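Engineer: One structure is given below, represented as structure tokens, and several questions about it will come after.
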Amino acid sequence: WFILQYMSGFGNEHASEDPRCPGALPEGQNNPQVCPYGLYAEQLSGSAFTCPRPTNKRSWLYRILPSVCHKPFKPLEEGHLTHDWDEIEPDPNQLRWKPFEIPKAPQNKMDFVSGLHTLCGAGEPRGRNGIAVHIFVCNTSMTDRCLYNSDGDFLIVPQQGKLLITTEFGKMLVEPNEICVIQQGMRFSVEVFGETRGYILEVYGAHFELPDLGPIGANGLANPRDFLVPVAWYEDRQVPGGYTVISKYQGKLFAAQQDYSPYNVVAWHGNYTPYKYHLEKFMVINAVAFDHADPSIFTVLTAKTTRAGVALADFVIFPPRWGVANNTFRPPYYHRNCMSEFMGLIKGHYEAKEEGFQPGGGSLHSMMTPHGPDADCFEKASKAKLEPERVADGTMAFMFESSLSLAVTKWGLQTSNRLDKNYYKCWEPLKSHFNPKCK
């Protein structure tokens with residue numbers, strides 16, 4: 001009977017109840033002595049109780065059984081997650097990865113949890129300050145098990161294959177060129193439909209928010225109404241063989257057994273929810289005279305630090321757009337940055353690296369490591385006729401940018417066997433054009 005439905009708005013106060021149980025939300029209070037339909041009231045807090053109202057996040061869930069009904073957690077040796085940033089020596093080089101390999105199903109069944117691999121990161125979850133970049137590769141759906149992240153928020157970027165994500169708040173279908181955010185503590189399961197791959201940006205200690213617009217004004221970039229939140233859906237399902245609840249806690253996985261489905265939330269209300277967003281809805285801002293505006297104009301979501309204007313992490317996209325700048329080298333300029341830049345490609349060809357940078361792969365340009373267009377791109381753009389042109393049609397590249405200095409894991413540098421050892425060679429053909437006699 002269930003049809004995927006959503007409510008719109010970023011950070012809104014939403015209220016939803018499964019239509020099979022009308023009136024499941026209590027009237028006028030959060031925690032009545034007896035809830036409608038004999039449900040339990042449970043609050044999920046995403047911020048300190050005493051946070052200022054604009055940053056206070058919580059939702060009330062009305063469920064058949066409370067989440068506390070489970071056996072003790074035990075360590076789960078699965079997946080390739082870590083926050084040990086010292087397991088291998090630092091590497092300041094420009095790094096690029098070929099598309100990460102997806103295991104073939106019959107020989108090696110792998111679901112979303114077992115297919116998680118940490119690529120790089122910094123900070124640590126116990127101190128509530130840090131980020132991690134993970135790759136997920138999977139070929140089978142999660143069955144009678146769910147995951148929740150005690151450490152932080154997951155921003156999930158599918159690259160190949162769609163994800164049907166069941167959460168305590170309802171269901172979301174997330175396809176390539178869409179993103180979703182599952183915030184700290186929210187239980188979810190991922191159903192896939194074949195070989196599936198994508199990227200995850202995890203932040204500890206902050207939640208994602210829309211960037212301030214400043215002189216841009218009231219509208220632009222990612223508009224709040226384009227963010228979608230699932231509607232309530234429940235199942236009253238007993239699982240005598242055991243349902244596995246997996247917690248990512250202090251960087252490791254733990255599993256607990258219970259004998260019922262956790263998706264037993266009949267109704268909920270609040271402003272702390274999972275949500276999704278389609279990248280095609282981004283309103284691009286760009287230069288219309290000369291030079292580049294900084295890539296921060298492409299920021300979809302930001303996780304702020306306590307320092308004004310300095311992000312723990314930004315999620316930035318490079319969508320199709322018009323290029324019209326006069327007397328300007330139009331591709332990205334050569335750059336050394338006090339931020340760390342991890343880039344991924346959902347589809348198409350990235351304008352500054354058309355050959356080696358492929359969908360499902362990635363690159364990391366670490367703090368103060370120089371980077372920029374390859375030699376072929378430089379030569380073409382230096383001689384191009386500067387007419388209005390479409391840029392990045394059929395393409396969607398993105399960047400996870402952080403003020404933290406990111407360490408790469410042993411899996412990223414060695415075990416994955418996807419590191420492109422020849423990346424540096426794309427700049428070797430660059431030659432001097434200097435002529436002191438020609439201004």
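Within each chain, counting starts at residue 1; across the structure tokens, chains are named A, B, ... in the order shown, with ligands numbered 1 upward in that order.
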Residues at most 12 Å from A:Ala375, counting only C-alpha atoms, excluding those fewer than 4 positions away in the same chain, as a PyMOL selection string?

Structural biologist: chain A and resi 331+334+352-355+371+379-382+424-432

Engineer: For A:Ser45, list every protein, DNA or RNA residue within 12 Å, evaluated using only C-alpha atoms, and leave out those in the same chain fewer than 3 positions away; present the list as a PyMOL selection string.

Structural biologist: chain A and resi 42+48-51+55-61+150+183-186+270-273

Engineer: In Å to one decimal, how far is atom CA of A:Phe400 from atom CA of A:Ala206?

Structural biologist: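 Separating atom CA of A:Ala206 from atom CA of A:Phe400 is a distance of 15.0 Å.
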
Engineer: In terms of the shortest atom-to-atom distance over only C-alpha atoms, which of A:Asp291, A:Glu389, A:Asp376, A:Asp259 is closest to A:Lys71?

Structural biologist: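 Closest to A:Lys71, using only C-alpha atoms: A:Asp259.
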
Engineer: Taking only C-alpha atoms into account, produce a table as a Markdown table in which each residue of stretch 273-364 of chain A with an atom at most 10 Å from an atom of stretch 222-245 of chain A appears once, together with its shortest atom pair and the distance in Å to one decimal, ordered by chain and rising number.

Structural biologist:
| residue | atom | partner | partner_atom | distance |
| --- | --- | --- | --- | --- |
| A:Thr273 | CA | A:Val229 | CA | 7.0 |
| A:Pro274 | CA | A:Val229 | CA | 6.3 |
| A:Tyr275 | CA | A:Val229 | CA | 4.6 |
| A:Lys276 | CA | A:Leu228 | CA | 5.3 |
| A:Tyr277 | CA | A:Phe227 | CA | 4.9 |
| A:His278 | CA | A:Asp226 | CA | 7.6 |
| A:Leu279 | CA | A:Ala222 | CA | 8.4 |
| A:Glu280 | CA | A:Ala222 | CA | 9.7 |
| A:Lys281 | CA | A:Ala222 | CA | 7.0 |
| A:Phe282 | CA | A:Ala222 | CA | 4.9 |
| A:Met283 | CA | A:Ala222 | CA | 6.3 |
| A:Val284 | CA | A:Ala222 | CA | 8.7 |
| A:Phe298 | CA | A:Ala222 | CA | 9.0 |
| A:Thr299 | CA | A:Ala222 | CA | 8.1 |
| A:Val300 | CA | A:Ala222 | CA | 5.6 |
| A:Leu301 | CA | A:Ala222 | CA | 8.0 |

Engineer: Find the residue from A:Phe318, A:Tyr204, A:Tyr40, A:Tyr62 that sits nearest to A:Glu168; use only C-alpha atoms when measuring.

Structural biologist: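 Using only C-alpha atoms, the shortest distance to A:Glu168 belongs to A:Tyr62.
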
Engineer: Please report the interatomic distance between atom CA of A:Arg96 and atom CA of A:Thr369 in Å with one decimal.

Structural biologist: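 We find that atom CA of A:Arg96 and atom CA of A:Thr369 lie 13.2 Å from each other.
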
Engineer: As a list in words, which residues of stretch 174-293 of chain A does DSSP assign to helix (DSSP H, G or I)?

Structural biologist: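 Of stretch 174-293 of chain A, the ones in helix (DSSP H, G or I) are Gly214, Pro215, Ile216, Pro224, Arg225, Asp226, Leu279, Glu280 and Lys281 of chain A.
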